[in-house]
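Student: Can you keep this structure in mind? I'll have questions shortly.
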Amino acid sequence: MKKDTVNKKFVFEIKLKLKEGILDPQGNVTYDILKKLNYPVEQVNFDKSIRLTINESNLQRANEIAEEIASNVLVNPVLEYYQIFQIQEE
Amino acid sequence: MEIKAAVLVFPGTNGERDAYFALQRNNFSVDYIWHDFDKSLEYDLICLPGGASFGDYLRPGAFAKHSEVTKSVEKYVSKNRGLVIGIGNGFQVLTEAGILPGALALNESNSFICKYVLVEITNFETPFTNSIISDEKIFKFPIACRYGRYEVNEKDINENQIVLKYVQNPNGSYENIAGIVNKDMNVFGTMLHIERAAHPLFGYGENNPIFESIRRFLSRE
């Protein structure tokens, strides 16, 4: 049986967003300024974005690892939720 | 009887000497424990001090939960070996690790707040408060943090877990909560720098009410 070799890189972007109802002070101040400048904005949120490059043999496995990192290490489930986007494959 | 306390030190912790000083003044025998300590914690009290563990990167306390010593603290708590207190960043570590409920978010004002605040003790039936010898319910303590706004889902905390409430909410904390305990009441967390309230030079008595209560509780056992 041919063994999978780790010869690919997968780049993911993990976005951490504040849950509904959690105050976003930076977003609120930015919103106030944008309103003052007459921009038609309804809401401003400061999310966090983390880019991960994962060495793996296939996308499915890389995806699982990204998911595990996001849920076990990066997110605080009391305040935030996360979204994972695959942005590159080499 | 000698009461042994451990002050945990993570890379970036900076409140360990204040905690050491305060505990020593309140008659604890104190050791520092580095964050890679993975053995059983043979102490009566574990103190997670203030500071900025792992540079406060990602979120304050987020990376310290992966240190070996934090796993040792989890075991210590589940065996009910002794008491645990988390001050400032220590509180953040305990919530990030899930040892205490809730989380500490960016202050409502988005700024670092360093000042004295008044707090009311709302539960005197915990080891951290049941031996306070004072008729007072209101105490003054300093806070110094940017991520001090306590957030929690209502279902995750019981009324009797709330130990301290701000008289005037400085940072937008849920229900004015300033300090909590876990359900088993052997872990206490607060953003108040109780360890900086341990010397007459700072306008405090010889003993700190909370450390004194802890010491009395532990000496009785």
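Each chain in the structure tokens gets a letter, A, B and so on, in the order shown; residues start at 1 in every chain, and ligands are counted from 1 in the order they appear.
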Excluding Gly55 of chain B and its own-chain neighbours fewer than 6 positions away, which residues fall within 12 Å of it when counting only C-alpha atoms? Please give them as an mmCIF file with N, CA, C and O atoms, in the first residue's frame.
Tutor:
```
data_model
loop_
_atom_site.group_PDB
_atom_site.id
_atom_site.type_symbol
_atom_site.label_atom_id
_atom_site.label_comp_id
_atom_site.auth_asym_id
_atom_site.auth_seq_id
_atom_site.Cartn_x
_atom_site.Cartn_y
_atom_site.Cartn_z
ATOM 1 N N PHE B 10 4.259 31.750 35.036
ATOM 2 C CA PHE B 10 4.278 31.449 33.601
ATOM 3 C C PHE B 10 5.239 32.442 32.942
ATOM 4 O O PHE B 10 5.510 33.506 33.504
ATOM 5 N N PRO B 11 5.730 32.145 31.741
ATOM 6 C CA PRO B 11 6.524 33.156 31.044
ATOM 7 C C PRO B 11 5.649 34.402 30.851
ATOM 8 O O PRO B 11 4.546 34.287 30.320
ATOM 9 N N GLY B 12 6.118 35.542 31.316
ATOM 10 C CA GLY B 12 5.328 36.770 31.169
ATOM 11 C C GLY B 12 4.550 37.163 32.413
ATOM 12 O O GLY B 12 4.054 38.280 32.514
ATOM 13 N N THR B 13 4.438 36.240 33.369
ATOM 14 C CA THR B 13 3.804 36.590 34.653
ATOM 15 C C THR B 13 4.642 37.704 35.287
ATOM 16 O O THR B 13 5.869 37.654 35.239
ATOM 17 N N ASN B 14 3.995 38.699 35.878
ATOM 18 C CA ASN B 14 4.803 39.719 36.557
ATOM 19 C C ASN B 14 4.304 40.055 37.961
ATOM 20 O O ASN B 14 4.860 40.904 38.637
ATOM 21 N N GLY B 61 -4.425 34.780 29.143
ATOM 22 C CA GLY B 61 -4.663 33.470 29.759
ATOM 23 C C GLY B 61 -4.850 32.337 28.773
ATOM 24 O O GLY B 61 -4.836 31.168 29.159
ATOM 25 N N ALA B 62 -5.004 32.664 27.487
ATOM 26 C CA ALA B 62 -5.375 31.634 26.498
ATOM 27 C C ALA B 62 -4.294 30.566 26.336
ATOM 28 O O ALA B 62 -4.613 29.390 26.138
ATOM 29 N N PHE B 63 -3.028 30.961 26.405
ATOM 30 C CA PHE B 63 -1.973 29.968 26.181
ATOM 31 C C PHE B 63 -1.551 29.276 27.473
ATOM 32 O O PHE B 63 -1.089 28.133 27.443
ATOM 33 N N ALA B 64 -1.719 29.952 28.598
ATOM 34 C CA ALA B 64 -1.315 29.351 29.881
ATOM 35 C C ALA B 64 -2.127 28.099 30.195
ATOM 36 O O ALA B 64 -1.672 27.225 30.918
ATOM 37 N N ASN B 89 -4.600 38.178 35.839
ATOM 38 C CA ASN B 89 -4.294 37.208 34.791
ATOM 39 C C ASN B 89 -4.528 35.769 35.264
ATOM 40 O O ASN B 89 -4.926 34.904 34.481
#
```
Student: Using only C-alpha atoms and a distance of at most 9 Å, pull out the residues of chain B that contact chain A, as a PyMOL selection string.
Tutor: chain B and resi 58-59+62-63+66+96+101-110+151-153
Student: Ala70 of chain A: which residues within 10 Å, counting only C-alpha atoms, same-chain residues fewer than 4 positions away excluded, as a list in words?
Tutor: Ile14, Lys15, Leu16, Ile50, Glu64, Ile65, Ala66, Leu74, Val75, Asn76, Tyr81, Tyr82, Gln83 and Ile84 of chain A
Student: Please write the residues from the selection above to a file, keeping N, CA and C atoms, as an mmCIF file, in the first residue's frame.
Tutor:
```
data_model
loop_
_atom_site.group_PDB
_atom_site.id
_atom_site.type_symbol
_atom_site.label_atom_id
_atom_site.label_comp_id
_atom_site.auth_asym_id
_atom_site.auth_seq_id
_atom_site.Cartn_x
_atom_site.Cartn_y
_atom_site.Cartn_z
ATOM 1 N N ILE A 14 -8.411 31.550 9.843
ATOM 2 C CA ILE A 14 -9.397 31.299 10.894
ATOM 3 C C ILE A 14 -9.863 32.644 11.435
ATOM 4 N N LYS A 15 -11.152 32.864 11.337
ATOM 5 C CA LYS A 15 -11.700 34.123 11.852
ATOM 6 C C LYS A 15 -12.379 33.874 13.180
ATOM 7 N N LEU A 16 -12.013 34.701 14.162
ATOM 8 C CA LEU A 16 -12.670 34.636 15.468
ATOM 9 C C LEU A 16 -13.578 35.844 15.560
ATOM 10 N N ILE A 50 -6.506 34.726 11.938
ATOM 11 C CA ILE A 50 -5.257 33.990 12.130
ATOM 12 C C ILE A 50 -5.025 33.123 10.901
ATOM 13 N N GLU A 64 -9.257 18.915 9.085
ATOM 14 C CA GLU A 64 -9.526 18.412 10.439
ATOM 15 C C GLU A 64 -8.578 19.035 11.445
ATOM 16 N N ILE A 65 -7.310 19.173 11.032
ATOM 17 C CA ILE A 65 -6.317 19.765 11.935
ATOM 18 C C ILE A 65 -6.651 21.230 12.199
ATOM 19 N N ALA A 66 -7.014 21.962 11.152
ATOM 20 C CA ALA A 66 -7.371 23.374 11.307
ATOM 21 C C ALA A 66 -8.558 23.519 12.257
ATOM 22 N N LEU A 74 -7.624 28.139 19.748
ATOM 23 C CA LEU A 74 -7.802 29.546 19.381
ATOM 24 C C LEU A 74 -9.066 30.205 19.919
ATOM 25 N N VAL A 75 -10.166 29.478 19.948
ATOM 26 C CA VAL A 75 -11.432 30.147 20.274
ATOM 27 C C VAL A 75 -11.724 30.110 21.771
ATOM 28 N N ASN A 76 -12.337 31.156 22.276
ATOM 29 C CA ASN A 76 -12.911 31.105 23.629
ATOM 30 C C ASN A 76 -14.426 31.024 23.442
ATOM 31 N N TYR A 81 -17.035 32.797 18.318
ATOM 32 C CA TYR A 81 -17.184 31.617 17.476
ATOM 33 C C TYR A 81 -16.179 31.751 16.343
ATOM 34 N N TYR A 82 -15.931 30.659 15.618
ATOM 35 C CA TYR A 82 -14.920 30.753 14.564
ATOM 36 C C TYR A 82 -15.453 30.286 13.228
ATOM 37 N N GLN A 83 -14.780 30.777 12.186
ATOM 38 C CA GLN A 83 -15.069 30.313 10.829
ATOM 39 C C GLN A 83 -13.731 30.000 10.176
ATOM 40 N N ILE A 84 -13.703 28.915 9.407
ATOM 41 C CA ILE A 84 -12.449 28.523 8.756
ATOM 42 C C ILE A 84 -12.594 28.665 7.247
#
```
Student: Please report, as a PyMOL selection string, each residue of segment 88-142 of chain B to which DSSP assigns strand (DSSP E or B) when run on this structure's backbone.
Tutor: chain B and resi 103-105+113-121+138-142
Student: Go ahead and write the residues just picked, C-alpha atoms, as a tab-separated table (two decimals), in the first residue's frame.
Tutor:
```
chain	number	residue	atom	x	y	z
B	103	ALA	CA	-14.55	34.76	30.47
B	104	LEU	CA	-12.81	38.12	30.79
B	105	ALA	CA	-13.38	40.47	27.86
B	113	ILE	CA	-8.05	50.76	34.15
B	114	CYS	CA	-5.79	51.17	37.13
B	115	LYS	CA	-7.51	52.46	40.26
B	116	TYR	CA	-9.02	51.61	43.60
B	117	VAL	CA	-12.56	50.27	43.59
B	118	LEU	CA	-15.03	49.42	46.31
B	119	VAL	CA	-16.46	45.94	46.39
B	120	GLU	CA	-19.11	44.28	48.48
B	121	ILE	CA	-18.73	40.75	49.73
B	138	ILE	CA	-17.42	46.77	51.73
B	139	PHE	CA	-13.70	46.63	51.00
B	140	LYS	CA	-11.34	48.69	48.86
B	141	PHE	CA	-9.00	46.94	46.44
B	142	PRO	CA	-7.00	48.00	43.40
```
Student: Can you list, as a ChimeraX atom specification, every protein, DNA or RNA residue that comes within 12 Å of Phe124 of chain B when you count only C-alpha atoms, leaving out same-chain residues fewer than 4 positions away?
Tutor: /B:120,128-137,160-164,180-181,185,209-210,213
Student: As an exercise, work out the distance from atom CA of Glu42 of chain A to atom CA of Ser111 of chain B in Å and give it to one decimal place.
Tutor: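 Straight-line distance from atom CA of Glu42 of chain A to atom CA of Ser111 of chain B works out to 24.0 Å.
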Student: How many Å lie between atom CA of Phe10 of chain A and atom CA of Ile87 of chain A, rounded to one decimal?
Tutor: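 Taking atom CA of Phe10 of chain A and atom CA of Ile87 of chain A, their separation equals 7.8 Å.
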Student: Would you compute the distance between atom CA of Tyr174 of chain B and atom CA of Ala197 of chain B? Give it in Å to one decimal.
Tutor: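 That distance, rounded to one decimal, is 24.4 Å.
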Student: Which of these, B:Ile194, B:Cys145, B:Gly51, B:Ala5, has the shortest distance to Asn27 of chain B once you count only C-alpha atoms?
Tutor: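 The closest residue to Asn27 of chain B is B:Ala5.
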Student: In segment 54-206 of chain B, what's helix (DSSP H, G or I) per DSSP? Answer as a VMD selection string?
Tutor: chain B and resid 54 to 56 64 to 66 68 to 78 89 to 96 154 to 156 159 to 161 174 to 176 194 to 196 200 to 202
Student: Keeping N, CA, C and O atoms, export the residues of the selection given above as a compact mmCIF listing (two decimals), in the first residue's frame.
Tutor:
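After the write, selection.txt holds the following:
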```txt
# COMPACT_ATOMS: atom_id res chain seq x y z
N PHE B 54 2.41 34.49 28.80
CA PHE B 54 2.61 34.35 27.35
C PHE B 54 2.27 35.65 26.60
O PHE B 54 1.69 35.63 25.51
N GLY B 55 2.62 36.76 27.23
CA GLY B 55 2.46 38.05 26.57
C GLY B 55 1.02 38.48 26.35
O GLY B 55 0.77 39.45 25.64
N ASP B 56 0.07 37.75 26.96
CA ASP B 56 -1.35 38.03 26.72
C ASP B 56 -1.72 37.85 25.24
O ASP B 56 -2.73 38.36 24.78
N ALA B 64 -1.72 29.95 28.60
CA ALA B 64 -1.31 29.35 29.88
C ALA B 64 -2.13 28.10 30.20
O ALA B 64 -1.67 27.23 30.92
N LYS B 65 -3.31 27.99 29.60
CA LYS B 65 -4.10 26.79 29.89
C LYS B 65 -3.45 25.53 29.32
O LYS B 65 -3.78 24.43 29.73
N HIS B 66 -2.52 25.69 28.40
CA HIS B 66 -1.85 24.52 27.84
C HIS B 66 -0.56 24.16 28.57
O HIS B 66 0.13 23.22 28.19
N GLU B 68 1.84 22.62 31.50
CA GLU B 68 1.72 21.40 32.31
C GLU B 68 1.14 21.71 33.69
O GLU B 68 0.32 20.98 34.22
N VAL B 69 1.59 22.84 34.27
CA VAL B 69 1.16 23.13 35.64
C VAL B 69 -0.35 23.35 35.71
O VAL B 69 -0.99 23.06 36.72
N THR B 70 -0.93 23.83 34.61
CA THR B 70 -2.38 24.07 34.62
C THR B 70 -3.14 22.73 34.69
O THR B 70 -4.17 22.62 35.34
N LYS B 71 -2.56 21.72 34.02
CA LYS B 71 -3.15 20.36 34.13
C LYS B 71 -3.03 19.86 35.58
O LYS B 71 -3.96 19.24 36.11
N SER B 72 -1.88 20.18 36.20
CA SER B 72 -1.71 19.78 37.61
C SER B 72 -2.73 20.49 38.49
O SER B 72 -3.23 19.90 39.45
N VAL B 73 -3.04 21.74 38.17
CA VAL B 73 -4.04 22.48 38.94
C VAL B 73 -5.41 21.83 38.76
O VAL B 73 -6.17 21.67 39.73
N GLU B 74 -5.72 21.42 37.53
CA GLU B 74 -7.01 20.75 37.30
C GLU B 74 -7.16 19.52 38.19
O GLU B 74 -8.21 19.30 38.80
N LYS B 75 -6.07 18.74 38.27
CA LYS B 75 -6.12 17.53 39.11
C LYS B 75 -6.26 17.91 40.57
O LYS B 75 -7.02 17.29 41.32
N TYR B 76 -5.50 18.90 40.97
CA TYR B 76 -5.52 19.40 42.35
C TYR B 76 -6.94 19.80 42.76
O TYR B 76 -7.41 19.49 43.84
N VAL B 77 -7.63 20.47 41.83
CA VAL B 77 -8.99 20.94 42.09
C VAL B 77 -9.96 19.76 42.17
O VAL B 77 -10.77 19.67 43.09
N SER B 78 -9.82 18.82 41.21
CA SER B 78 -10.79 17.72 41.21
C SER B 78 -10.59 16.80 42.42
O SER B 78 -11.55 16.21 42.91
N ASN B 89 -4.60 38.18 35.84
CA ASN B 89 -4.29 37.21 34.79
C ASN B 89 -4.53 35.77 35.26
O ASN B 89 -4.93 34.90 34.48
N GLY B 90 -4.31 35.53 36.54
CA GLY B 90 -4.57 34.21 37.11
C GLY B 90 -6.04 33.82 36.98
O GLY B 90 -6.38 32.67 36.68
N PHE B 91 -6.92 34.79 37.17
CA PHE B 91 -8.37 34.58 36.99
C PHE B 91 -8.64 34.26 35.51
O PHE B 91 -9.40 33.35 35.17
N GLN B 92 -7.99 35.02 34.63
CA GLN B 92 -8.17 34.79 33.19
C GLN B 92 -7.73 33.38 32.80
O GLN B 92 -8.40 32.70 32.03
N VAL B 93 -6.61 32.93 33.38
CA VAL B 93 -6.13 31.57 33.09
C VAL B 93 -7.16 30.54 33.56
O VAL B 93 -7.49 29.60 32.85
N LEU B 94 -7.70 30.74 34.75
CA LEU B 94 -8.67 29.78 35.30
C LEU B 94 -9.95 29.71 34.47
O LEU B 94 -10.53 28.64 34.30
N THR B 95 -10.38 30.86 33.93
CA THR B 95 -11.59 30.82 33.08
C THR B 95 -11.25 30.20 31.72
O THR B 95 -12.02 29.39 31.20
N GLU B 96 -10.10 30.56 31.16
CA GLU B 96 -9.71 29.98 29.87
C GLU B 96 -9.59 28.45 29.98
O GLU B 96 -9.92 27.73 29.06
N GLU B 154 -25.78 33.12 31.97
CA GLU B 154 -26.52 33.03 33.24
C GLU B 154 -26.62 31.59 33.74
O GLU B 154 -26.51 31.32 34.94
N LYS B 155 -26.77 30.66 32.81
CA LYS B 155 -26.97 29.26 33.21
C LYS B 155 -25.68 28.62 33.76
O LYS B 155 -25.73 27.56 34.38
N ASP B 156 -24.54 29.26 33.53
CA ASP B 156 -23.27 28.66 33.95
C ASP B 156 -22.84 29.05 35.36
O ASP B 156 -21.79 28.62 35.84
N GLU B 159 -26.11 31.85 41.89
CA GLU B 159 -26.01 33.06 42.69
C GLU B 159 -24.95 32.93 43.80
O GLU B 159 -24.19 33.86 44.06
N ASN B 160 -24.88 31.74 44.41
CA ASN B 160 -23.95 31.59 45.54
C ASN B 160 -22.48 31.49 45.11
O ASN B 160 -21.59 31.48 45.94
N GLN B 161 -22.24 31.44 43.79
CA GLN B 161 -20.85 31.44 43.32
C GLN B 161 -20.30 32.87 43.21
O GLN B 161 -19.12 33.06 43.01
N TYR B 174 -20.59 41.74 33.90
CA TYR B 174 -21.94 41.22 34.05
C TYR B 174 -22.36 41.24 35.53
O TYR B 174 -21.62 40.74 36.39
N GLU B 175 -23.52 41.83 35.79
CA GLU B 175 -24.09 41.86 37.16
C GLU B 175 -23.12 42.42 38.20
O GLU B 175 -23.18 42.03 39.37
N ASN B 176 -22.22 43.29 37.78
CA ASN B 176 -21.23 43.91 38.68
C ASN B 176 -20.29 42.90 39.36
O ASN B 176 -19.71 43.18 40.41
N ILE B 194 -5.91 41.68 45.05
CA ILE B 194 -5.96 41.55 46.51
C ILE B 194 -4.57 41.43 47.11
O ILE B 194 -4.36 41.80 48.25
N GLU B 195 -3.61 40.96 46.29
CA GLU B 195 -2.25 40.80 46.82
C GLU B 195 -1.54 42.15 46.97
O GLU B 195 -0.51 42.24 47.59
N ARG B 196 -2.10 43.19 46.36
CA ARG B 196 -1.48 44.52 46.50
C ARG B 196 -2.09 45.26 47.70
O ARG B 196 -1.82 46.44 47.89
N PRO B 200 0.57 48.22 55.41
CA PRO B 200 0.06 49.51 55.91
C PRO B 200 0.48 50.69 55.03
O PRO B 200 -0.24 51.69 54.96
N LEU B 201 1.62 50.55 54.34
CA LEU B 201 2.05 51.63 53.45
C LEU B 201 1.01 51.94 52.38
O LEU B 201 0.92 53.05 51.87
N PHE B 202 0.25 50.93 52.01
CA PHE B 202 -0.79 51.13 51.00
C PHE B 202 -2.15 51.37 51.64
O PHE B 202 -3.19 51.26 50.98
```
